[in-house]
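Trainee: Dropping in input_25.cif, with mmCIF, C-alpha atoms and all ligand atoms.
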data_structure
loop_
_atom_site.label_atom_id
_atom_site.label_comp_id
_atom_site.auth_asym_id
_atom_site.auth_seq_id
_atom_site.Cartn_x
_atom_site.Cartn_y
_atom_site.Cartn_z
CA MET K 244 100.13 106.75 16.34
CA ALA K 245 99.80 106.94 12.56
CA ASP K 246 102.67 108.75 10.85
CA GLN K 247 101.53 112.36 10.39
CA ASP K 248 104.25 113.25 7.90
CA GLY K 249 103.51 113.27 4.18
CA ILE K 250 99.70 113.05 4.47
CA GLN K 251 98.29 113.83 1.02
CA ALA K 252 94.76 115.22 0.68
CA GLY K 253 92.42 113.25 -1.68
CA LYS K 254 92.49 114.52 -5.27
CA ASN K 255 90.09 112.70 -7.58
CA PHE K 256 86.57 112.09 -6.19
CA TYR K 257 84.95 111.14 -9.52
CA VAL K 258 82.25 113.64 -8.73
CA ASP K 259 80.57 113.01 -12.10
CA GLN K 260 80.33 109.24 -11.44
CA ALA K 261 77.57 108.21 -9.01
CA GLN K 262 78.27 105.15 -6.85
CA GLU K 263 76.59 102.16 -8.46
CA ASN K 264 74.28 100.05 -6.28
CA LYS K 265 75.26 96.69 -7.72
CA GLY K 266 72.72 93.91 -7.13
CA PHE K 267 74.22 90.79 -5.57
CA PHE K 268 74.10 87.77 -7.91
CA VAL K 269 72.35 85.36 -5.52
CA LYS K 270 68.54 85.28 -5.80
CA GLY K 271 66.74 87.13 -3.00
CA SER K 272 69.95 88.26 -1.28
CA ASN K 273 70.16 91.97 -2.06
CA VAL K 274 69.45 93.19 1.46
CA TYR K 275 71.71 90.66 3.20
CA ASP K 276 74.71 91.97 5.11
CA TRP K 277 78.22 91.83 3.64
CA GLY K 278 79.29 88.72 5.58
CA MET K 279 76.26 86.74 4.47
CA LYS K 280 76.94 87.69 0.86
CA HIS K 281 80.61 86.81 1.20
CA ARG K 282 79.71 83.32 2.43
CA LEU K 283 77.15 82.91 -0.35
CA SER K 284 79.81 83.87 -2.90
CA ARG K 285 81.88 80.93 -1.57
CA ILE K 286 78.94 78.60 -2.18
CA PHE K 287 77.73 79.84 -5.57
CA ASN K 288 80.24 80.55 -8.33
CA PRO K 289 79.81 84.24 -9.23
CA LYS K 290 80.44 83.45 -12.90
CA SER K 291 77.94 80.60 -13.34
CA GLY K 292 75.73 81.47 -10.36
CA HIS K 293 75.69 77.74 -9.68
CA THR K 294 77.15 75.27 -7.21
CA VAL K 295 78.19 71.63 -7.02
CA MET K 296 77.80 70.44 -3.46
CA LEU K 297 79.27 67.05 -2.52
CA ALA K 298 77.02 65.59 0.15
CA PHE K 299 78.68 63.11 2.52
CA ASP K 300 76.66 63.88 5.66
CA HIS K 301 74.76 60.60 5.30
CA GLY K 302 76.45 59.21 8.36
CA TYR K 303 74.39 61.44 10.62
CA ILE K 304 71.37 59.25 9.92
CA MET K 305 72.63 55.98 8.38
CA GLY K 306 76.15 55.42 9.66
CA ALA K 307 78.76 53.97 7.31
CA THR K 308 77.00 53.65 3.96
CA SER K 309 78.29 52.20 0.69
CA GLY K 310 80.80 54.53 -0.88
CA LEU K 311 81.58 56.25 2.42
CA GLU K 312 83.06 53.29 4.28
CA ARG K 313 86.19 55.34 4.88
CA LEU K 314 85.66 59.09 4.94
CA ASP K 315 89.42 59.72 4.92
CA ILE K 316 89.84 57.63 1.75
CA ASN K 317 86.55 57.97 -0.14
CA VAL K 318 85.99 61.74 0.16
CA PRO K 319 89.24 63.61 -0.62
CA PRO K 320 89.47 62.56 -4.31
CA LEU K 321 85.90 63.81 -4.80
CA ALA K 322 86.12 66.93 -2.62
CA LYS K 323 88.62 68.63 -4.89
CA HIS K 324 86.02 68.70 -7.69
CA ALA K 325 83.24 70.12 -5.47
CA ASP K 326 82.47 73.74 -4.64
CA VAL K 327 80.88 72.87 -1.30
CA LEU K 328 81.40 70.02 1.19
CA MET K 329 78.11 69.05 2.85
CA ALA K 330 79.21 67.21 5.96
CA THR K 331 78.87 66.56 9.65
CA ARG K 332 81.27 68.08 12.15
CA GLY K 333 82.55 64.64 12.99
CA ALA K 334 83.46 63.89 9.40
CA LEU K 335 85.18 67.24 8.92
CA ARG K 336 87.21 67.20 12.11
CA THR K 337 88.42 63.62 11.74
CA SER K 338 88.77 63.09 8.03
CA ILE K 339 88.95 66.28 5.96
CA ASP K 340 92.12 68.34 5.61
CA PRO K 341 91.30 71.89 6.76
CA CYS K 342 93.85 73.14 4.26
CA ASN K 343 91.38 73.43 1.38
CA ASP K 344 89.46 76.18 -0.39
CA LYS K 345 86.06 74.52 -0.24
CA ALA K 346 82.98 76.07 1.33
CA VAL K 347 81.36 73.93 4.02
CA ALA K 348 77.64 73.25 4.44
CA LEU K 349 77.52 71.92 7.99
CA ARG K 350 74.72 69.52 8.94
CA ILE K 351 73.46 70.97 12.24
CA SER K 352 70.18 69.08 12.73
CA GLY K 353 69.73 65.42 13.58
CA GLY K 354 68.24 62.96 16.04
CA SER K 355 66.79 60.10 13.99
CA SER K 356 68.28 57.08 12.24
CA VAL K 357 67.45 54.61 9.53
CA LEU K 358 67.08 52.03 12.29
CA ARG K 359 63.63 53.42 13.04
CA GLU K 360 60.52 53.42 10.86
CA ASP K 361 59.89 57.14 11.26
CA MET K 362 62.95 59.37 10.73
CA THR K 363 61.23 62.75 10.81
CA LEU K 364 62.02 63.81 14.38
CA GLU K 365 65.12 66.00 14.43
CA TYR K 366 66.50 68.64 16.78
CA LEU K 367 69.18 71.28 16.42
CA MET K 368 72.32 69.45 17.50
CA VAL K 369 75.14 71.84 16.60
CA ASP K 370 75.22 75.33 18.11
CA ILE K 371 76.13 78.58 16.39
CA GLN K 372 79.45 78.82 18.21
CA GLU K 373 80.49 75.50 16.69
CA ALA K 374 79.42 76.71 13.23
CA VAL K 375 81.55 79.83 13.66
CA ARG K 376 84.43 77.75 15.07
CA MET K 377 84.33 75.51 11.99
CA ASP K 378 84.27 78.44 9.57
CA VAL K 379 81.22 77.13 7.75
CA ALA K 380 79.66 78.85 4.74
CA CYS K 381 76.15 77.67 5.64
CA MET K 382 74.24 75.53 8.14
CA ALA K 383 71.97 72.70 6.94
CA VAL K 384 68.70 71.98 8.75
CA GLN K 385 66.33 69.16 7.78
CA CYS K 386 62.64 70.12 7.45
CA TYR K 387 59.90 67.48 7.28
CA VAL K 388 56.88 69.49 6.21
CA GLY K 389 53.72 67.36 6.33
CA SER K 390 55.13 64.89 8.83
CA LYS K 391 53.96 64.49 12.42
CA ASN K 392 57.17 66.25 13.43
CA GLU K 393 56.87 69.22 11.06
CA ALA K 394 56.52 71.76 13.86
CA GLN K 395 59.70 70.62 15.59
CA THR K 396 61.74 70.63 12.38
CA LEU K 397 60.40 74.04 11.37
CA LYS K 398 61.23 75.34 14.83
CA ASN K 399 64.75 74.04 14.26
CA LEU K 400 64.86 75.91 10.95
CA ASN K 401 63.65 79.21 12.39
CA THR K 402 66.03 79.00 15.33
CA ALA K 403 68.90 78.41 12.92
CA VAL K 404 67.78 81.33 10.71
CA ASN K 405 67.56 83.63 13.74
CA LEU K 406 71.12 82.72 14.71
CA GLY K 407 72.38 82.66 11.13
CA ASN K 408 71.12 86.20 10.52
CA GLN K 409 72.73 87.29 13.78
CA TYR K 410 76.13 85.86 12.80
CA GLY K 411 75.97 86.29 9.01
CA ILE K 412 75.82 82.55 8.27
CA PRO K 413 73.34 81.39 5.61
CA VAL K 414 70.95 78.55 6.40
CA LEU K 415 70.29 75.75 3.92
CA GLY K 416 66.76 74.50 4.54
CA VAL K 417 66.64 70.85 3.46
CA VAL K 418 63.18 69.71 2.37
CA GLY K 419 63.07 66.10 3.52
CA VAL K 420 60.37 63.74 2.30
CA GLY K 421 59.13 61.31 4.91
CA LYS K 422 57.77 57.89 3.96
CA GLU K 423 54.14 59.08 4.04
CA MET K 424 54.79 62.05 1.76
CA GLU K 425 54.69 61.96 -2.03
CA ARG K 426 57.18 63.80 -4.17
CA THR K 427 54.51 65.75 -6.03
CA PRO K 428 54.71 69.31 -7.37
CA ARG K 429 51.93 70.25 -4.93
CA TYR K 430 53.94 68.96 -1.99
CA PHE K 431 57.11 70.71 -3.06
CA LEU K 432 55.31 73.96 -3.90
CA THR K 433 54.09 73.93 -0.30
CA ALA K 434 57.22 72.71 1.46
CA VAL K 435 59.84 74.65 -0.53
CA ARG K 436 57.95 77.94 -0.24
CA MET K 437 57.35 77.47 3.48
CA VAL K 438 61.06 76.86 4.12
CA ALA K 439 61.98 79.94 2.08
CA GLU K 440 59.36 82.14 3.78
CA MET K 441 60.71 81.12 7.17
CA GLY K 442 63.97 82.68 6.15
CA ALA K 443 66.15 79.94 4.72
CA HIS K 444 68.77 81.55 2.48
CA ILE K 445 69.02 78.46 0.27
CA VAL K 446 66.54 75.61 -0.12
CA LYS K 447 67.52 72.06 -0.97
CA THR K 448 64.86 69.80 -2.43
CA TYR K 449 64.29 67.05 -4.96
CA TYR K 450 63.65 67.42 -8.67
CA CYS K 451 60.04 66.81 -9.72
CA ASP K 452 57.59 67.50 -12.54
CA ASP K 453 56.76 71.19 -13.01
CA PHE K 454 60.07 71.99 -11.33
CA GLU K 455 60.16 75.36 -13.05
CA LYS K 456 57.09 76.35 -11.02
CA ILE K 457 58.79 75.39 -7.76
CA VAL K 458 61.80 77.50 -8.76
CA ALA K 459 59.61 80.46 -9.78
CA ALA K 460 57.65 80.30 -6.52
CA CYS K 461 60.80 80.15 -4.37
CA PRO K 462 62.40 83.58 -3.62
CA VAL K 463 65.83 82.11 -2.82
CA PRO K 464 68.11 79.72 -4.73
CA ILE K 465 67.20 76.05 -4.91
CA VAL K 466 69.78 73.25 -4.88
CA VAL K 467 68.66 69.79 -5.95
CA ALA K 468 69.57 66.62 -4.03
CA GLY K 469 70.45 63.57 -6.03
CA GLY K 470 68.50 61.04 -4.00
CA LYS K 471 69.03 57.30 -4.17
CA LYS K 472 71.54 55.91 -6.64
CA ILE K 473 70.31 55.77 -10.25
CA PRO K 474 72.27 55.02 -13.45
CA GLU K 475 74.95 57.60 -14.11
CA LYS K 476 73.29 58.77 -17.35
CA ASP K 477 69.98 59.31 -15.52
CA ALA K 478 71.69 61.22 -12.73
CA LEU K 479 73.31 63.55 -15.26
CA GLU K 480 69.90 64.04 -16.89
CA LEU K 481 68.45 64.87 -13.48
CA ALA K 482 71.17 67.48 -12.97
CA TYR K 483 70.66 68.87 -16.47
CA ASN K 484 66.88 69.09 -16.12
CA ALA K 485 67.18 70.76 -12.71
CA ILE K 486 69.68 73.36 -13.91
CA SER K 487 67.82 74.03 -17.15
CA LYS K 488 64.64 74.62 -15.15
CA GLY K 489 66.30 77.10 -12.81
CA ALA K 490 68.05 75.22 -10.02
CA ALA K 491 71.11 77.07 -8.71
CA GLY K 492 73.00 73.82 -8.30
CA VAL K 493 73.03 70.25 -7.14
CA ASP K 494 73.89 68.61 -3.86
CA MET K 495 74.68 65.03 -4.74
CA GLY K 496 75.96 62.25 -2.56
CA ARG K 497 75.01 58.69 -3.47
CA ASN K 498 74.98 59.41 -7.19
CA VAL K 499 78.60 60.47 -6.85
CA PHE K 500 80.22 58.25 -4.24
CA GLN K 501 78.27 55.14 -5.32
CA ALA K 502 78.93 55.71 -9.04
CA GLU K 503 81.08 53.20 -10.91
CA ASP K 504 83.74 55.92 -11.08
CA PRO K 505 82.94 58.65 -8.52
CA VAL K 506 85.74 61.00 -9.58
CA ALA K 507 84.66 60.90 -13.22
CA MET K 508 81.05 61.36 -12.11
CA ILE K 509 81.54 64.54 -10.09
CA GLN K 510 83.57 65.99 -12.93
CA ALA K 511 80.75 65.16 -15.36
CA ILE K 512 78.27 66.84 -13.00
CA ARG K 513 80.44 69.98 -13.03
CA LYS K 514 80.26 70.02 -16.83
CA VAL K 515 76.46 70.20 -16.59
CA VAL K 516 76.26 72.63 -13.67
CA HIS K 517 79.06 75.07 -14.52
CA GLU K 518 79.85 74.57 -18.20
CA GLY K 519 76.34 74.30 -19.63
CA GLU K 520 76.89 70.85 -21.16
CA THR K 521 73.93 68.60 -21.91
CA ALA K 522 73.47 65.31 -20.09
CA GLU K 523 74.53 63.47 -23.24
CA GLU K 524 77.74 65.49 -23.56
CA ALA K 525 78.53 65.04 -19.87
CA TYR K 526 77.81 61.31 -20.04
CA LYS K 527 80.16 61.00 -23.03
CA PHE K 528 82.80 62.75 -20.93
CA TYR K 529 82.05 60.34 -18.07
CA LEU K 530 82.50 57.25 -20.26
CA GLU K 531 85.73 58.62 -21.73
CA THR K 532 87.09 59.58 -18.28
CA LYS K 533 86.06 56.68 -16.08
CA GLU K 534 88.67 54.09 -15.25
CA ASP K 535 87.87 50.61 -16.52
C1 LIG K 601 71.67 62.62 3.59
C2 LIG K 601 71.31 63.94 3.03
C3 LIG K 601 72.09 64.40 1.86
O1 LIG K 601 72.73 65.62 2.16
C4 LIG K 601 71.18 64.66 0.66
O2 LIG K 601 70.15 63.71 0.61
C5 LIG K 601 71.99 64.61 -0.63
O3 LIG K 601 72.54 63.33 -0.76
P1 LIG K 601 71.95 62.33 -1.88
O4 LIG K 601 72.29 62.91 -3.22
O5 LIG K 601 72.69 61.01 -1.60
O6 LIG K 601 70.49 62.24 -1.62
O7 LIG K 601 70.45 64.68 3.50
O8 LIG K 601 70.79 62.24 4.60
#
Show how you would write the structure in this file as structure tokens.

Mentor:
Amino acid sequence: MADQDGIQAGKNFYVDQAQENKGFFVKGSNVYDWGMKHRLSRIFNPKSGHTVMLAFDHGYIMGATSGLERLDINVPPLAKHADVLMATRGALRTSIDPCNDKAVALRISGGSSVLREDMTLEYLMVDIQEAVRMDVACMAVQCYVGSKNEAQTLKNLNTAVNLGNQYGIPVLGVVGVGKEMERTPRYFLTAVRMVAEMGAHIVKTYYCDDFEKIVAACPVPIVVAGGKKIPEKDALELAYNAISKGAAGVDMGRNVFQAEDPVAMIQAIRKVVHEGETAEEAYKFYLETKED
């Protein structure tokens, strides 16, 4: 029973100051519930509005790849410079210290491997209870628009969005590009918008020409994947171009953990994404920071 002694009636109700309906800083999120917004604020930095995701979920489709031979050794030095850890549940549980302040983007779809020609068939593999149990900030679902398995992957996405909205967990719709698809502005204008209209709270895609149009046509934030390893300077230019054309962040894997100096690389990426540095400035930082 609350203590009934000493109760003091309210005094100052600021009657001349209307309550302000503050817009939430994440694109397209104003009507989301509090919990969804709280998770999004762990993904996107409220000051910069941007995010640096470290992707190391590659094992779900390609096993032990170069730069991720040992998750327990390769990842921790990089994770501390990321805002978000994009990972599988197996990697997190076995190799990542839960005592960290990073948001998690949990890979919840899967079902194909690089051992097969066509990798576009995926199913939802991780249930919502597991996502809640692992305290994730968002759930990542691969979408292969234009592939023979597009319907299945879009069903996966919608199922995840239905559950994510129920539990207040954002869904990251990942626009995958199968072998028979071209990375053209027309393709991405179609695929990115479809994923967003199906309710994804964040869309991950690749950088392409006319990227500003893809950003403008997408009602939620876009995060850009790095793709296959390219020279560090080019990867920083990719990040710079994406951010300068409206991307809300990057989700890089191979261009970080396969860099000559991965720790220096993710720090250089942060300079572009959060500190507004140019690719040239960030590359200069990279050269000065990397260990010979
Ligand atoms: C791996 C993935 C990765 O999350 C995504 O492609 C980002 O990693 P990278 O920058 O290496 O492409 O989906 O299958």

Trainee: Quick one: residues within 10 Å of Ile465 of chain K, all atoms listed in the file counted, chain neighbours fewer than 5 positions away excluded, as a PyMOL selection string?

Mentor: chain K and resi 270+293+415-417+435+439+444-449+457-458+485-486+489-493

Trainee: When you look at Met329 of chain K with a cut-off of 6 Å (counting only C-alpha atoms), what residues show up, excluding the ones that are within fewer than 3 positions of it in the same chain? I need them as a list in words.

Mentor: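 Counting only C-alpha atoms, the residues come to Leu297, Ala298, Phe299, Val347, Ala348 and Leu349 of chain K.
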
Trainee: Identify which of the residues K:Ile412, K:Ala460, K:Ala478, K:Val375 lies closest to ligand LIG 601 (chain K), counting only C-alpha atoms and all ligand atoms when measuring atom-to-atom distances.

Mentor: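 For ligand LIG 601 (chain K), the nearest of the candidates is K:Ala478.
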
Trainee: Give me the box for ligand LIG 601 (chain K) as JSON, namely the centre and edge lengths in Å to one decimal of a box along x, y and z that holds every listed atom plus 5 Å on each side.

Mentor:
{"center_x": 71.4, "center_y": 63.3, "center_z": 0.7, "size_x": 12.6, "size_y": 14.6, "size_z": 17.8}

Trainee: Closest to ligand LIG 601 (chain K) among K:Glu423, K:Glu518, K:Asp361, K:Asp300, using all atoms listed in the file?

Mentor: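 For ligand LIG 601 (chain K), the nearest of the candidates is K:Asp300.
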
Trainee: How close does chain K get to ligand LIG 601 (chain K)? List, as a Markdown table, each residue of chain K within 8 Å, its nearest atom pair and the distance in Å to one decimal, counting only C-alpha atoms and all ligand atoms.

Mentor:
| residue | atom | partner | partner_atom | distance |
| --- | --- | --- | --- | --- |
| K:Leu297 | CA | K:LIG601 | O3 | 7.9 |
| K:Ala298 | CA | K:LIG601 | O1 | 4.7 |
| K:Phe299 | CA | K:LIG601 | O1 | 6.5 |
| K:Asp300 | CA | K:LIG601 | O1 | 5.5 |
| K:His301 | CA | K:LIG601 | C1 | 4.1 |
| K:Gly302 | CA | K:LIG601 | O8 | 7.4 |
| K:Tyr303 | CA | K:LIG601 | O8 | 7.1 |
| K:Ile304 | CA | K:LIG601 | O8 | 6.1 |
| K:Met305 | CA | K:LIG601 | O8 | 7.5 |
| K:Met329 | CA | K:LIG601 | O1 | 6.4 |
| K:Ala330 | CA | K:LIG601 | O1 | 7.7 |
| K:Gln385 | CA | K:LIG601 | O7 | 7.4 |
| K:Val417 | CA | K:LIG601 | O7 | 7.3 |
| K:Gly419 | CA | K:LIG601 | O7 | 7.5 |
| K:Ala468 | CA | K:LIG601 | C5 | 4.6 |
| K:Gly469 | CA | K:LIG601 | O4 | 3.4 |
| K:Gly470 | CA | K:LIG601 | O6 | 3.3 |
| K:Lys471 | CA | K:LIG601 | O6 | 5.7 |
| K:Lys472 | CA | K:LIG601 | O5 | 7.3 |
| K:Asp494 | CA | K:LIG601 | C5 | 5.5 |
| K:Met495 | CA | K:LIG601 | O4 | 3.5 |
| K:Gly496 | CA | K:LIG601 | O5 | 3.6 |
| K:Arg497 | CA | K:LIG601 | O5 | 3.8 |
| K:Asn498 | CA | K:LIG601 | O4 | 5.9 |
| K:Val499 | CA | K:LIG601 | O4 | 7.7 |

Trainee: Deliver the residues from the most recent selection as a file, using C-alpha atoms, as a CSV table (one decimal), in the frame of the given file.

Mentor:
chain,number,residue,atom,x,y,z
K,297,LEU,CA,79.3,67.0,-2.5
K,298,ALA,CA,77.0,65.6,0.2
K,299,PHE,CA,78.7,63.1,2.5
K,300,ASP,CA,76.7,63.9,5.7
K,301,HIS,CA,74.8,60.6,5.3
K,302,GLY,CA,76.4,59.2,8.4
K,303,TYR,CA,74.4,61.4,10.6
K,304,ILE,CA,71.4,59.2,9.9
K,305,MET,CA,72.6,56.0,8.4
K,329,MET,CA,78.1,69.0,2.8
K,330,ALA,CA,79.2,67.2,6.0
K,385,GLN,CA,66.3,69.2,7.8
K,417,VAL,CA,66.6,70.8,3.5
K,419,GLY,CA,63.1,66.1,3.5
K,468,ALA,CA,69.6,66.6,-4.0
K,469,GLY,CA,70.4,63.6,-6.0
K,470,GLY,CA,68.5,61.0,-4.0
K,471,LYS,CA,69.0,57.3,-4.2
K,472,LYS,CA,71.5,55.9,-6.6
K,494,ASP,CA,73.9,68.6,-3.9
K,495,MET,CA,74.7,65.0,-4.7
K,496,GLY,CA,76.0,62.2,-2.6
K,497,ARG,CA,75.0,58.7,-3.5
K,498,ASN,CA,75.0,59.4,-7.2
K,499,VAL,CA,78.6,60.5,-6.8

Trainee: Could you jot down the atom CA of Met362 of chain K to atom CA of Gly421 of chain K separation for me, Å, one decimal place?

Mentor: 7.2 Å

Trainee: Just segment 249-338 of chain K from the block, C-alpha atoms, as a compact mmCIF listing (two decimals), in the first residue's frame, could you?

Mentor:
# COMPACT_ATOMS: atom_id res chain seq x y z
CA GLY K 249 2.71 13.62 3.00
CA ILE K 250 0.95 13.41 -0.39
CA GLN K 251 1.41 16.79 -2.07
CA ALA K 252 -1.10 17.96 -4.70
CA GLY K 253 0.41 18.99 -8.10
CA LYS K 254 1.27 22.70 -8.31
CA ASN K 255 2.61 23.77 -11.69
CA PHE K 256 0.74 22.41 -14.74
CA TYR K 257 2.31 24.78 -17.30
CA VAL K 258 -1.19 25.55 -18.48
CA ASP K 259 0.15 28.13 -20.96
CA GLN K 260 2.49 25.56 -22.59
CA ALA K 261 0.77 23.08 -24.92
CA GLN K 262 2.29 19.58 -25.09
CA GLU K 263 4.51 19.41 -28.17
CA ASN K 264 3.91 16.53 -30.60
CA LYS K 265 7.54 15.91 -31.44
CA GLY K 266 8.12 14.02 -34.70
CA PHE K 267 10.36 10.98 -34.32
CA PHE K 268 13.67 11.35 -36.19
CA VAL K 269 13.47 8.11 -38.21
CA LYS K 270 11.88 8.45 -41.67
CA GLY K 271 8.31 7.15 -41.88
CA SER K 272 8.14 6.18 -38.19
CA ASN K 273 5.88 8.81 -36.64
CA VAL K 274 2.93 6.52 -35.99
CA TYR K 275 5.00 3.61 -34.65
CA ASP K 276 4.50 2.58 -31.04
CA TRP K 277 6.97 3.60 -28.32
CA GLY K 278 8.81 0.26 -28.24
CA MET K 279 9.39 0.26 -31.98
CA LYS K 280 10.77 3.79 -31.78
CA HIS K 281 12.97 2.89 -28.82
CA ARG K 282 14.52 0.01 -30.80
CA LEU K 283 14.99 2.24 -33.84
CA SER K 284 16.77 4.81 -31.65
CA ARG K 285 19.25 2.04 -30.75
CA ILE K 286 19.89 1.41 -34.45
CA PHE K 287 20.07 4.99 -35.74
CA ASN K 288 22.07 7.59 -33.85
CA PRO K 289 19.59 10.35 -32.89
CA LYS K 290 22.26 13.00 -33.48
CA SER K 291 23.41 11.95 -36.96
CA GLY K 292 20.28 9.98 -37.90
CA HIS K 293 22.67 7.41 -39.32
CA THR K 294 23.96 3.95 -38.51
CA VAL K 295 27.04 1.80 -39.06
CA MET K 296 26.00 -1.82 -39.11
CA LEU K 297 28.72 -4.49 -39.01
CA ALA K 298 27.45 -7.44 -41.00
CA PHE K 299 28.88 -10.82 -40.04
CA ASP K 300 25.85 -12.98 -40.81
CA HIS K 301 27.55 -14.36 -43.93
CA GLY K 302 27.87 -17.76 -42.34
CA TYR K 303 24.15 -18.39 -42.73
CA ILE K 304 24.70 -18.84 -46.46
CA MET K 305 28.45 -19.34 -47.03
CA GLY K 306 29.89 -20.86 -43.88
CA ALA K 307 33.32 -19.76 -42.69
CA THR K 308 34.37 -17.03 -45.11
CA SER K 309 37.63 -15.10 -45.30
CA GLY K 310 37.86 -12.62 -42.47
CA LEU K 311 35.34 -14.53 -40.34
CA GLU K 312 37.31 -17.74 -39.85
CA ARG K 313 36.97 -17.27 -36.10
CA LEU K 314 33.93 -15.29 -35.00
CA ASP K 315 35.23 -15.09 -31.43
CA ILE K 316 38.52 -13.55 -32.62
CA ASN K 317 37.65 -11.64 -35.81
CA VAL K 318 34.47 -9.86 -34.68
CA PRO K 319 34.99 -8.32 -31.20
CA PRO K 320 37.67 -5.78 -32.24
CA LEU K 321 35.32 -4.56 -34.99
CA ALA K 322 32.06 -4.74 -33.03
CA LYS K 323 33.09 -2.01 -30.61
CA HIS K 324 33.19 0.49 -33.49
CA ALA K 325 29.76 -0.51 -34.88
CA ASP K 326 26.32 0.76 -33.88
CA VAL K 327 24.59 -2.46 -34.90
CA LEU K 328 25.71 -6.12 -35.08
CA MET K 329 24.08 -7.90 -38.02
CA ALA K 330 24.43 -11.55 -37.12
CA THR K 331 22.95 -15.00 -36.88
CA ARG K 332 21.73 -16.39 -33.57
CA GLY K 333 24.45 -19.00 -33.67
CA ALA K 334 27.19 -16.40 -33.98
CA LEU K 335 25.75 -14.27 -31.18
CA ARG K 336 25.17 -17.07 -28.69
CA THR K 337 28.55 -18.72 -29.19
CA SER K 338 30.93 -15.89 -29.92
